[in-house]
>>> print(open('model14.cif').read())   # mmCIF, C-alpha atoms
data_run
loop_
_atom_site.group_PDB
_atom_site.id
_atom_site.type_symbol
_atom_site.label_atom_id
_atom_site.label_comp_id
_atom_site.auth_asym_id
_atom_site.auth_seq_id
_atom_site.Cartn_x
_atom_site.Cartn_y
_atom_site.Cartn_z
ATOM 1 C CA MET W 1 15.121 0.052 -9.174
ATOM 2 C CA SER W 2 18.140 1.113 -7.139
ATOM 3 C CA ASP W 3 18.230 1.413 -3.379
ATOM 4 C CA ALA W 4 17.725 4.791 -1.756
ATOM 5 C CA THR W 5 20.966 6.661 -1.338
ATOM 6 C CA VAL W 6 22.090 10.000 0.017
ATOM 7 C CA SER W 7 22.774 12.178 -3.005
ATOM 8 C CA GLU W 8 24.630 15.487 -2.755
ATOM 9 C CA PRO W 9 24.481 17.872 -4.426
ATOM 10 C CA GLY W 10 20.887 17.569 -5.616
ATOM 11 C CA HIS W 11 19.768 17.052 -9.189
ATOM 12 C CA ARG W 12 19.986 20.291 -11.170
ATOM 13 C CA LEU W 13 16.979 21.070 -13.312
ATOM 14 C CA LYS W 14 16.758 23.846 -15.838
ATOM 15 C CA PRO W 15 13.933 25.769 -14.154
ATOM 16 C CA LEU W 16 10.698 26.857 -15.706
ATOM 17 C CA THR W 17 10.694 30.459 -16.816
ATOM 18 C CA PRO W 18 8.647 32.815 -14.629
ATOM 19 C CA ALA W 19 6.094 33.131 -17.435
ATOM 20 C CA MET W 20 5.730 29.346 -17.739
ATOM 21 C CA LEU W 21 5.373 28.962 -13.984
ATOM 22 C CA ARG W 22 2.707 31.674 -13.827
ATOM 23 C CA GLU W 23 0.768 30.077 -16.670
ATOM 24 C CA LEU W 24 0.878 26.589 -15.163
ATOM 25 C CA SER W 25 0.033 27.833 -11.651
ATOM 26 C CA VAL W 26 -3.340 29.330 -12.589
ATOM 27 C CA ARG W 27 -6.034 27.754 -10.405
ATOM 28 C CA SER W 28 -9.535 27.080 -11.640
ATOM 29 C CA ASP W 29 -12.804 26.813 -9.737
ATOM 30 C CA LEU W 30 -14.373 25.234 -12.824
ATOM 31 C CA LYS W 31 -11.783 22.476 -13.187
ATOM 32 C CA GLY W 32 -11.747 21.848 -9.438
ATOM 33 C CA ALA W 33 -15.543 21.632 -9.370
ATOM 34 C CA ALA W 34 -15.629 19.290 -12.368
ATOM 35 C CA ARG W 35 -13.150 16.904 -10.746
ATOM 36 C CA SER W 36 -14.671 16.965 -7.265
ATOM 37 C CA ILE W 37 -18.308 16.774 -8.433
ATOM 38 C CA GLY W 38 -17.418 13.964 -10.820
ATOM 39 C CA HIS W 39 -15.603 12.043 -8.102
ATOM 40 C CA TYR W 40 -18.466 12.433 -5.634
ATOM 41 C CA ALA W 41 -21.065 11.616 -8.297
ATOM 42 C CA VAL W 42 -19.421 8.247 -8.912
ATOM 43 C CA ILE W 43 -19.408 7.543 -5.162
ATOM 44 C CA VAL W 44 -23.105 8.401 -4.863
ATOM 45 C CA LEU W 45 -23.998 6.298 -7.909
ATOM 46 C CA VAL W 46 -22.068 3.236 -6.785
ATOM 47 C CA GLY W 47 -23.408 3.687 -3.247
ATOM 48 C CA ALA W 48 -26.970 3.633 -4.583
ATOM 49 C CA LEU W 49 -26.205 0.469 -6.553
ATOM 50 C CA ILE W 50 -24.757 -1.188 -3.432
ATOM 51 C CA TRP W 51 -27.883 -0.340 -1.454
ATOM 52 C CA MET W 52 -30.214 -1.673 -4.178
ATOM 53 C CA VAL W 53 -28.276 -4.900 -4.758
ATOM 54 C CA ALA W 54 -27.759 -5.593 -1.044
ATOM 55 C CA SER W 55 -31.430 -4.906 -0.267
ATOM 56 C CA ARG W 56 -32.703 -7.144 -3.043
ATOM 57 C CA PHE W 57 -30.172 -9.978 -3.285
ATOM 58 C CA GLY W 58 -28.106 -9.803 -0.099
ATOM 59 C CA VAL W 59 -24.849 -8.139 0.861
ATOM 60 C CA LEU W 60 -22.620 -10.854 -0.644
ATOM 61 C CA TRP W 61 -23.859 -9.985 -4.121
ATOM 62 C CA ALA W 62 -22.882 -6.371 -3.480
ATOM 63 C CA LEU W 63 -19.263 -7.153 -2.538
ATOM 64 C CA PRO W 64 -17.822 -6.436 -6.017
ATOM 65 C CA LEU W 65 -19.539 -3.069 -5.980
ATOM 66 C CA MET W 66 -18.261 -2.447 -2.457
ATOM 67 C CA ALA W 67 -14.721 -3.155 -3.641
ATOM 68 C CA ALA W 68 -15.132 -0.626 -6.472
ATOM 69 C CA GLN W 69 -16.643 1.846 -4.026
ATOM 70 C CA GLY W 70 -13.637 1.315 -1.799
ATOM 71 C CA TYR W 71 -11.338 2.550 -4.533
ATOM 72 C CA PHE W 72 -13.414 5.658 -5.176
ATOM 73 C CA VAL W 73 -13.906 6.517 -1.486
ATOM 74 C CA ALA W 74 -10.312 5.864 -0.402
ATOM 75 C CA PHE W 75 -9.030 8.013 -3.257
ATOM 76 C CA LEU W 76 -10.867 10.996 -1.814
ATOM 77 C CA PHE W 77 -7.505 11.248 -0.089
ATOM 78 C CA MET W 78 -6.428 12.970 -3.307
ATOM 79 C CA ALA W 79 -9.084 15.636 -2.865
ATOM 80 C CA VAL W 80 -7.821 16.179 0.682
ATOM 81 C CA HIS W 81 -4.260 16.409 -0.597
ATOM 82 C CA GLU W 82 -5.008 18.880 -3.376
ATOM 83 C CA THR W 83 -7.161 21.106 -1.168
ATOM 84 C CA ALA W 84 -4.476 21.015 1.534
ATOM 85 C CA HIS W 85 -2.254 22.755 -1.020
ATOM 86 C CA LYS W 86 -5.155 25.137 -1.758
ATOM 87 C CA THR W 87 -4.691 24.419 -5.464
ATOM 88 C CA ALA W 88 -7.859 22.444 -6.223
ATOM 89 C CA PHE W 89 -9.793 25.725 -6.606
ATOM 90 C CA SER W 90 -8.921 29.378 -6.901
ATOM 91 C CA SER W 91 -11.465 30.010 -4.130
ATOM 92 C CA ARG W 92 -10.107 29.391 -0.633
ATOM 93 C CA SER W 93 -13.605 28.652 0.675
ATOM 94 C CA LEU W 94 -14.128 25.939 -1.948
ATOM 95 C CA ASN W 95 -10.763 24.400 -1.082
ATOM 96 C CA LEU W 96 -11.758 24.274 2.567
ATOM 97 C CA THR W 97 -15.276 22.963 1.918
ATOM 98 C CA VAL W 98 -14.165 20.056 -0.276
ATOM 99 C CA GLY W 99 -11.146 19.449 1.938
ATOM 100 C CA TYR W 100 -13.082 19.222 5.191
ATOM 101 C CA LEU W 101 -15.812 17.020 3.688
ATOM 102 C CA SER W 102 -13.395 14.624 2.002
ATOM 103 C CA ALA W 103 -11.186 14.427 5.078
ATOM 104 C CA PHE W 104 -14.170 13.569 7.281
ATOM 105 C CA ILE W 105 -15.223 10.794 4.910
ATOM 106 C CA ILE W 106 -11.806 9.120 4.956
ATOM 107 C CA GLY W 107 -11.203 9.627 8.676
ATOM 108 C CA LEU W 108 -8.256 11.984 8.324
ATOM 109 C CA PRO W 109 -8.645 15.310 10.175
ATOM 110 C CA TYR W 110 -8.062 18.049 7.640
ATOM 111 C CA GLU W 111 -6.113 20.613 9.680
ATOM 112 C CA TYR W 112 -3.926 17.865 11.097
ATOM 113 C CA TYR W 113 -3.181 16.557 7.612
ATOM 114 C CA CYS W 114 -2.298 20.002 6.280
ATOM 115 C CA LEU W 115 0.436 20.349 8.915
ATOM 116 C CA PHE W 116 1.579 16.741 8.486
ATOM 117 C CA HIS W 117 1.841 17.223 4.741
ATOM 118 C CA TRP W 118 3.643 20.552 5.042
ATOM 119 C CA ASP W 119 6.476 18.828 6.894
ATOM 120 C CA HIS W 120 6.451 15.981 4.362
ATOM 121 C CA HIS W 121 7.196 18.498 1.603
ATOM 122 C CA ARG W 122 9.791 20.316 3.691
ATOM 123 C CA TYR W 123 11.648 17.148 4.667
ATOM 124 C CA THR W 124 10.872 14.611 1.933
ATOM 125 C CA GLN W 125 12.858 11.388 2.436
ATOM 126 C CA ASP W 126 14.586 12.698 5.582
ATOM 127 C CA PRO W 127 14.296 9.687 7.923
ATOM 128 C CA ASP W 128 14.416 11.914 11.010
ATOM 129 C CA LYS W 129 11.958 14.612 9.933
ATOM 130 C CA ASP W 130 9.638 13.364 7.167
ATOM 131 C CA PRO W 131 6.403 12.389 8.962
ATOM 132 C CA GLU W 132 5.679 9.724 6.344
ATOM 133 C CA LEU W 133 8.888 7.949 7.377
ATOM 134 C CA ILE W 134 8.432 8.496 11.106
ATOM 135 C CA VAL W 135 4.866 7.250 11.540
ATOM 136 C CA GLY W 136 4.292 3.559 12.184
ATOM 137 C CA ALA W 137 6.383 0.567 13.181
ATOM 138 C CA LYS W 138 8.822 -0.894 10.660
ATOM 139 C CA PRO W 139 7.787 -4.381 9.438
ATOM 140 C CA THR W 140 10.096 -7.153 10.625
ATOM 141 C CA SER W 141 8.634 -10.010 8.553
ATOM 142 C CA ASP W 142 6.958 -10.613 5.209
ATOM 143 C CA THR W 143 3.642 -11.026 7.029
ATOM 144 C CA GLN W 144 3.980 -7.633 8.727
ATOM 145 C CA LEU W 145 5.023 -6.106 5.413
ATOM 146 C CA ALA W 146 1.933 -7.527 3.710
ATOM 147 C CA VAL W 147 -0.223 -6.101 6.502
ATOM 148 C CA ALA W 148 1.471 -2.724 6.002
ATOM 149 C CA TYR W 149 0.580 -2.865 2.304
ATOM 150 C CA SER W 150 -3.069 -3.417 3.248
ATOM 151 C CA GLY W 151 -3.142 0.080 4.746
ATOM 152 C CA LEU W 152 -5.145 -1.122 7.734
ATOM 153 C CA LEU W 153 -2.443 -0.385 10.292
ATOM 154 C CA GLN W 154 -2.013 3.146 8.976
ATOM 155 C CA VAL W 155 -5.755 3.872 9.197
ATOM 156 C CA ALA W 156 -6.001 2.342 12.663
ATOM 157 C CA GLY W 157 -2.995 4.399 13.747
ATOM 158 C CA ARG W 158 -4.377 7.731 12.599
ATOM 159 C CA LEU W 159 -7.819 7.005 14.100
ATOM 160 C CA TRP W 160 -6.162 6.065 17.389
ATOM 161 C CA LEU W 161 -4.093 9.263 17.267
ATOM 162 C CA MET W 162 -7.226 11.315 16.578
ATOM 163 C CA LEU W 163 -9.022 9.656 19.492
ATOM 164 C CA GLY W 164 -6.032 10.342 21.716
ATOM 165 C CA HIS W 165 -6.074 14.010 20.763
ATOM 166 C CA ALA W 166 -9.795 14.190 21.505
ATOM 167 C CA VAL W 167 -9.674 12.389 24.848
ATOM 168 C CA THR W 168 -6.413 13.629 26.361
ATOM 169 C CA GLY W 169 -6.349 17.105 24.831
ATOM 170 C CA LYS W 170 -2.618 16.641 24.239
ATOM 171 C CA VAL W 171 -0.692 16.771 20.953
ATOM 172 C CA ILE W 172 2.937 15.636 21.048
ATOM 173 C CA VAL W 173 3.813 14.765 17.449
ATOM 174 C CA PRO W 174 6.666 17.032 16.262
ATOM 175 C CA TRP W 175 5.011 18.210 13.028
ATOM 176 C CA ILE W 176 2.259 20.042 14.926
ATOM 177 C CA PRO W 177 3.616 23.386 16.211
ATOM 178 C CA GLU W 178 2.686 24.586 19.672
ATOM 179 C CA ASN W 179 0.395 27.357 18.417
ATOM 180 C CA LYS W 180 -1.669 24.865 16.378
ATOM 181 C CA ARG W 181 -2.188 22.173 19.002
ATOM 182 C CA ALA W 182 -5.414 23.567 20.435
ATOM 183 C CA THR W 183 -6.872 23.633 16.914
ATOM 184 C CA ILE W 184 -5.917 19.991 16.369
ATOM 185 C CA VAL W 185 -7.535 18.960 19.653
ATOM 186 C CA THR W 186 -10.744 20.825 18.832
ATOM 187 C CA GLU W 187 -10.810 19.318 15.346
ATOM 188 C CA ALA W 188 -10.351 15.794 16.726
ATOM 189 C CA ARG W 189 -13.189 16.297 19.201
ATOM 190 C CA VAL W 190 -15.543 17.523 16.462
ATOM 191 C CA TYR W 191 -14.691 14.522 14.284
ATOM 192 C CA VAL W 192 -15.202 12.038 17.113
ATOM 193 C CA ALA W 193 -18.496 13.661 18.091
ATOM 194 C CA LEU W 194 -19.810 13.527 14.515
ATOM 195 C CA TYR W 195 -18.756 9.906 14.062
ATOM 196 C CA ALA W 196 -20.463 9.043 17.360
ATOM 197 C CA LEU W 197 -23.616 10.812 16.185
ATOM 198 C CA LEU W 198 -23.665 8.845 12.926
ATOM 199 C CA LEU W 199 -23.173 5.611 14.849
ATOM 200 C CA ALA W 200 -26.019 6.489 17.223
ATOM 201 C CA LEU W 201 -28.341 7.320 14.321
ATOM 202 C CA SER W 202 -27.461 4.063 12.555
ATOM 203 C CA LEU W 203 -28.249 2.103 15.732
ATOM 204 C CA TRP W 204 -31.451 4.081 16.322
ATOM 205 C CA PHE W 205 -32.743 3.277 12.844
ATOM 206 C CA SER W 206 -31.229 -0.239 12.845
ATOM 207 C CA SER W 207 -29.562 0.675 9.555
ATOM 208 C CA VAL W 208 -26.464 -0.825 7.972
ATOM 209 C CA LEU W 209 -26.527 1.658 5.097
ATOM 210 C CA LEU W 210 -23.423 3.587 6.160
ATOM 211 C CA LEU W 211 -21.609 0.336 6.871
ATOM 212 C CA GLU W 212 -22.301 -0.998 3.377
ATOM 213 C CA VAL W 213 -21.764 2.126 1.284
ATOM 214 C CA TRP W 214 -19.053 3.863 3.325
ATOM 215 C CA ILE W 215 -17.242 2.081 6.165
ATOM 216 C CA VAL W 216 -16.622 -1.356 4.653
ATOM 217 C CA PRO W 217 -15.709 0.110 1.248
ATOM 218 C CA LEU W 218 -13.325 2.561 2.927
ATOM 219 C CA VAL W 219 -11.542 -0.345 4.624
ATOM 220 C CA ILE W 220 -11.348 -2.304 1.366
ATOM 221 C CA GLY W 221 -10.095 0.791 -0.416
ATOM 222 C CA GLN W 222 -6.936 0.887 1.684
ATOM 223 C CA PHE W 223 -5.724 -2.183 -0.211
ATOM 224 C CA PHE W 224 -5.650 0.041 -3.310
ATOM 225 C CA LEU W 225 -4.494 3.284 -1.719
ATOM 226 C CA ARG W 226 -1.546 2.124 0.361
ATOM 227 C CA PRO W 227 0.452 0.507 -2.508
ATOM 228 C CA TYR W 228 -0.240 3.656 -4.518
ATOM 229 C CA LEU W 229 1.179 5.839 -1.728
ATOM 230 C CA TYR W 230 4.235 3.619 -1.277
ATOM 231 C CA ALA W 231 4.994 4.115 -4.967
ATOM 232 C CA GLU W 232 5.501 7.852 -4.473
ATOM 233 C CA HIS W 233 8.881 7.752 -2.700
ATOM 234 C CA THR W 234 9.903 4.211 -1.778
ATOM 235 C CA GLY W 235 13.365 3.360 -3.091
ATOM 236 C CA CYS W 236 14.088 6.899 -4.225
ATOM 237 C CA ASP W 237 17.137 8.881 -3.106
ATOM 238 C CA ARG W 238 17.548 10.776 0.126
ATOM 239 C CA THR W 239 18.220 14.199 -1.309
ATOM 240 C CA ARG W 240 16.538 17.578 -1.429
ATOM 241 C CA SER W 241 15.792 17.270 -5.143
ATOM 242 C CA ALA W 242 12.240 16.240 -6.035
ATOM 243 C CA PHE W 243 13.665 14.809 -9.255
ATOM 244 C CA GLN W 244 15.595 12.271 -7.208
ATOM 245 C CA ASN W 245 13.547 11.708 -4.045
ATOM 246 C CA THR W 246 10.167 11.131 -5.717
ATOM 247 C CA ARG W 247 8.723 8.811 -8.365
ATOM 248 C CA THR W 248 6.323 9.535 -11.200
ATOM 249 C CA THR W 249 4.293 6.484 -12.167
ATOM 250 C CA TYR W 250 2.994 6.232 -15.722
ATOM 251 C CA THR W 251 -0.472 4.718 -15.642
ATOM 252 C CA GLY W 252 -3.872 4.770 -17.316
ATOM 253 C CA ALA W 253 -6.274 7.674 -17.653
ATOM 254 C CA ILE W 254 -8.830 6.318 -15.155
ATOM 255 C CA VAL W 255 -6.239 5.948 -12.391
ATOM 256 C CA LYS W 256 -4.889 9.425 -13.080
ATOM 257 C CA TRP W 257 -8.391 10.872 -12.998
ATOM 258 C CA PHE W 258 -9.386 9.456 -9.604
ATOM 259 C CA ALA W 259 -5.905 10.201 -8.255
ATOM 260 C CA TRP W 260 -6.268 13.843 -9.323
ATOM 261 C CA ASN W 261 -3.150 13.487 -11.540
ATOM 262 C CA MET W 262 -0.934 12.746 -8.534
ATOM 263 C CA PRO W 263 0.817 9.865 -10.321
ATOM 264 C CA TYR W 264 2.756 12.847 -11.738
ATOM 265 C CA HIS W 265 4.326 13.027 -8.323
ATOM 266 C CA VAL W 266 7.799 14.248 -9.197
ATOM 267 C CA GLU W 267 6.160 17.165 -10.958
ATOM 268 C CA HIS W 268 4.000 17.900 -7.915
ATOM 269 C CA HIS W 269 6.912 17.862 -5.473
ATOM 270 C CA ALA W 270 9.102 19.954 -7.744
ATOM 271 C CA TYR W 271 6.396 22.586 -8.255
ATOM 272 C CA PRO W 272 3.747 22.185 -5.517
ATOM 273 C CA SER W 273 2.063 25.465 -6.439
ATOM 274 C CA ILE W 274 0.959 24.026 -9.788
ATOM 275 C CA PRO W 275 -2.604 22.618 -9.602
ATOM 276 C CA PHE W 276 -3.553 19.051 -10.462
ATOM 277 C CA HIS W 277 -5.056 19.868 -13.868
ATOM 278 C CA ALA W 278 -1.764 21.368 -15.144
ATOM 279 C CA LEU W 279 0.475 18.449 -14.145
ATOM 280 C CA PRO W 280 0.180 16.580 -17.477
ATOM 281 C CA LYS W 281 1.373 19.715 -19.269
ATOM 282 C CA LEU W 282 4.211 20.088 -16.756
ATOM 283 C CA ASN W 283 5.156 16.439 -17.311
ATOM 284 C CA ALA W 284 5.590 17.101 -21.014
ATOM 285 C CA ILE W 285 8.100 19.826 -20.134
ATOM 286 C CA VAL W 286 10.191 18.047 -17.464
ATOM 287 C CA ASP W 287 9.749 14.386 -18.403
ATOM 288 C CA GLY W 288 13.359 14.022 -19.485
ATOM 289 C CA GLU W 289 14.589 15.112 -16.058
ATOM 290 C CA ILE W 290 12.697 12.460 -14.068
ATOM 291 C CA VAL W 291 14.986 9.865 -12.486
ATOM 292 C CA TYR W 292 12.521 7.389 -10.956
ATOM 293 C CA ARG W 293 9.768 6.191 -13.278
ATOM 294 C CA GLY W 294 7.123 3.641 -12.421
ATOM 295 C CA ARG W 295 5.651 1.630 -15.281
ATOM 296 C CA GLY W 296 2.199 0.987 -13.892
ATOM 297 C CA TYR W 297 1.214 0.334 -10.290
ATOM 298 C CA VAL W 298 1.373 -3.460 -10.414
ATOM 299 C CA ALA W 299 5.008 -3.436 -11.521
ATOM 300 C CA THR W 300 5.907 -0.564 -9.192
ATOM 301 C CA THR W 301 4.315 -2.317 -6.204
ATOM 302 C CA ARG W 302 6.449 -5.371 -6.908
ATOM 303 C CA GLU W 303 9.510 -3.123 -6.913
ATOM 304 C CA THR W 304 8.660 -1.266 -3.712
ATOM 305 C CA PHE W 305 7.783 -4.511 -1.905
ATOM 306 C CA ALA W 306 11.132 -5.978 -2.962
ATOM 307 C CA TRP W 307 12.899 -2.808 -1.805
ATOM 308 C CA PHE W 308 11.325 -3.048 1.648
ATOM 309 C CA ARG W 309 12.321 -6.732 1.875
ATOM 310 C CA ARG W 310 15.957 -6.023 0.925
ATOM 311 C CA HIS W 311 16.284 -3.253 3.472
ATOM 312 C CA ARG W 312 14.603 -5.259 6.206
ATOM 313 C CA GLN W 313 16.931 -8.184 5.593
ATOM 314 C CA SER W 314 19.918 -5.838 5.485
ATOM 315 C CA ASP W 315 18.901 -4.242 8.792
ATOM 316 C CA GLN W 316 18.401 -7.646 10.402
ATOM 317 C CA ALA W 317 21.806 -8.809 9.157
ATOM 318 C CA ASN W 318 23.434 -5.778 10.767
#
>>> encode(input="model14.cif", output="C-alpha cells")
Amino acid sequence: MSDATVSEPGHRLKPLTPAMLRELSVRSDLKGAARSIGHYAVIVLVGALIWMVASRFGVLWALPLMAAQGYFVAFLFMAVHETAHKTAFSSRSLNLTVGYLSAFIIGLPYEYYCLFHWDHHRYTQDPDKDPELIVGAKPTSDTQLAVAYSGLLQVAGRLWLMLGHAVTGKVIVPWIPENKRATIVTEARVYVALYALLLALSLWFSSVLLLEVWIVPLVIGQFFLRPYLYAEHTGCDRTRSAFQNTRTTYTGAIVKWFAWNMPYHVEHHAYPSIPFHALPKLNAIVDGEIVYRGRGYVATTRETFAWFRRHRQSDQAN
C-alpha cells in the first residue's frame, strides 16, 4: 500500500447514467427493516444467552458470548451511519427512530454525529477540515498506536465531549454550526440524563444485567470496530476523488451484513445517496475504477498499522 499523497487533478470516473443512478438510489423500508430487525434480533438473542450462562455458570463462562455481543453491538454504528444519510429507509421517521436508538446504545449522540459525518464527506482526507483526522491525539509510540487501535480512547473522547456539552452548555468544535449548537447541547443533556437513569435503576435493583449484555460488550466491540474504521481511508490519497481517498475492503458475507455493506466504502463515498442494499450492485459497475483495495480486514489492518508507524517515524525524524 502506498503512502497518502496529494493528488491533483482527481481521478476521473465515467459517471453512472441518470437512469442508473435513479435505479440504484431507490430506498426501501422493507430492506431497511429486514437489516435493522435482523441486527437487533441477534443482539437480543446473544444478550439472552449471556444472561442465562452468566446466571447459571458465572460471568467468566459468558465472556466468549460477550465478545461476540461486542461485535454486534459496536457495529450498530453502521445503523447510525446509514440512517444519518437517511438512506436506510424511504421513511424519514424510520430513519430517525433506528438512528436515535442505535446512537443511544453506542454512546454517540445522533444529531452530533450527523453533522460530524457531513463534514467528513465534504472534506474527506483534508487534514485541516476532516473531523475524522482532527479528533484525537496522534500516537507517538507503538504502545499509543495499539491503544488507538483498541478504540477505547475514541469512545472515551466522545463521551467526555458529550458530557462537556451537557455540563457547560458550550459547543466549540468547528463542524457544529452556530445555529445547531443549542440542539447539540439539548441532545447531550438528554443522553446523560437517560444514562444516569439507567445507572440508578441498575443500582436500585442491584442488577448487573446491563453491564453484562451491553456495557462490557460495547467496550470489547471497539477492538473490532476501530480497525475496521481505520481501513476506510488510512493510507489513501489526499484528493477530492472518492476513488482515490477511500478504500473498499473485500471481505466475507457475514462482515458485510453486520457492517451494512459499508466495506464497499469507495462506492459509498462516490455515491452517498445510494442505500446500503444497492452497494454490491454498484460495486459490480465501478469495481475496475477502485484504486485502494483491501483484501480482508486482517491484512488491511496490518497495512494501516504499518502506515501509521511509517508516518510517525517520519514525523519524529523531521
>>> closest_residue(input="model14.cif", among="W:Leu209, W:Ile37, W:Ile184, W:Val155", to="Leu115 in chain W", atoms="all atoms listed in the file")
W:Ile184
>>> closest_residue(input="model14.cif", among="W:Gln69, W:Thr301, W:Thr183, W:Ser36", to="Ala231 in chain W", atoms="all atoms listed in the file")
W:Thr301
>>> resolve_selection(input="model14.cif", expression="the PyMOL selection byres ((chain W and resi 161-164) around 10)", output="ChimeraX atom specification")
/W:107-109,112,155-160,165-171,173,184-185,187-189,191-192
>>> resolve_selection(input="model14.cif", expression="the PyMOL selection byres ((chain W and resi 90-98) around 10)", output="JSON, numbers by chain")
{"W": [26, 27, 28, 29, 30, 31, 32, 33, 36, 37, 76, 79, 80, 82, 83, 84, 85, 86, 87, 88, 89, 99, 100, 101, 102, 103, 104, 110, 111, 275]}
>>> residues_around(input="model14.cif", residues="range 212-223 of chain W", least_positions_apart="3", cutoff="7 Å", atoms="all atoms listed in the file", output="VMD selection string")
chain W and resid 47 50 66 to 67 69 to 71 73 to 74 149 to 152 208 to 209 226
>>> closest_residue(input="model14.cif", among="W:Phe75, W:Ile274, W:Tyr297, W:Val42", to="Leu225 in chain W", atoms="all atoms listed in the file")
W:Phe75
>>> resolve_selection(input="model14.cif", expression="the PyMOL selection byres ((chain W and resi 289) around 12)", output="VMD selection string")
chain W and resid 11 to 15 241 to 244 246 to 248 266 to 267 270 282 to 288 290 to 293
>>> closest_residue(input="model14.cif", among="W:Phe276, W:Tyr271, W:Tyr264, W:Tyr250", to="Gly294 in chain W", atoms="all atoms listed in the file")
W:Tyr250
>>> atom_distance(input="model14.cif", atom1="CA of Glu232 in chain W", atom2="CA of His265 in chain W")
6.6 Å
>>> closest_residue(input="model14.cif", among="W:Trp118, W:Leu21, W:Val190, W:Thr304", to="Trp175 in chain W", atoms="all atoms listed in the file")
W:Trp118
>>> closest_residue(input="model14.cif", among="W:Leu199, W:Met20, W:Leu60, W:Leu145", to="His311 in chain W", atoms="all atoms listed in the file")
W:Leu145
>>> atom_distance(input="model14.cif", atom1="CA of Ala306 in chain W", atom2="CA of Pro64 in chain W")
29.1 Å
>>> atom_distance(input="model14.cif", atom1="CA of Thr239 in chain W", atom2="CA of Tyr123 in chain W")
9.4 Å
>>> residues_near_point(input="model14.cif", point="(-7.6, 12.0, -8.9)", cutoff="9 Å", atoms="all atoms listed in the file", output="ChimeraX atom specification")
/W:35-36,39,75-79,254-263,276
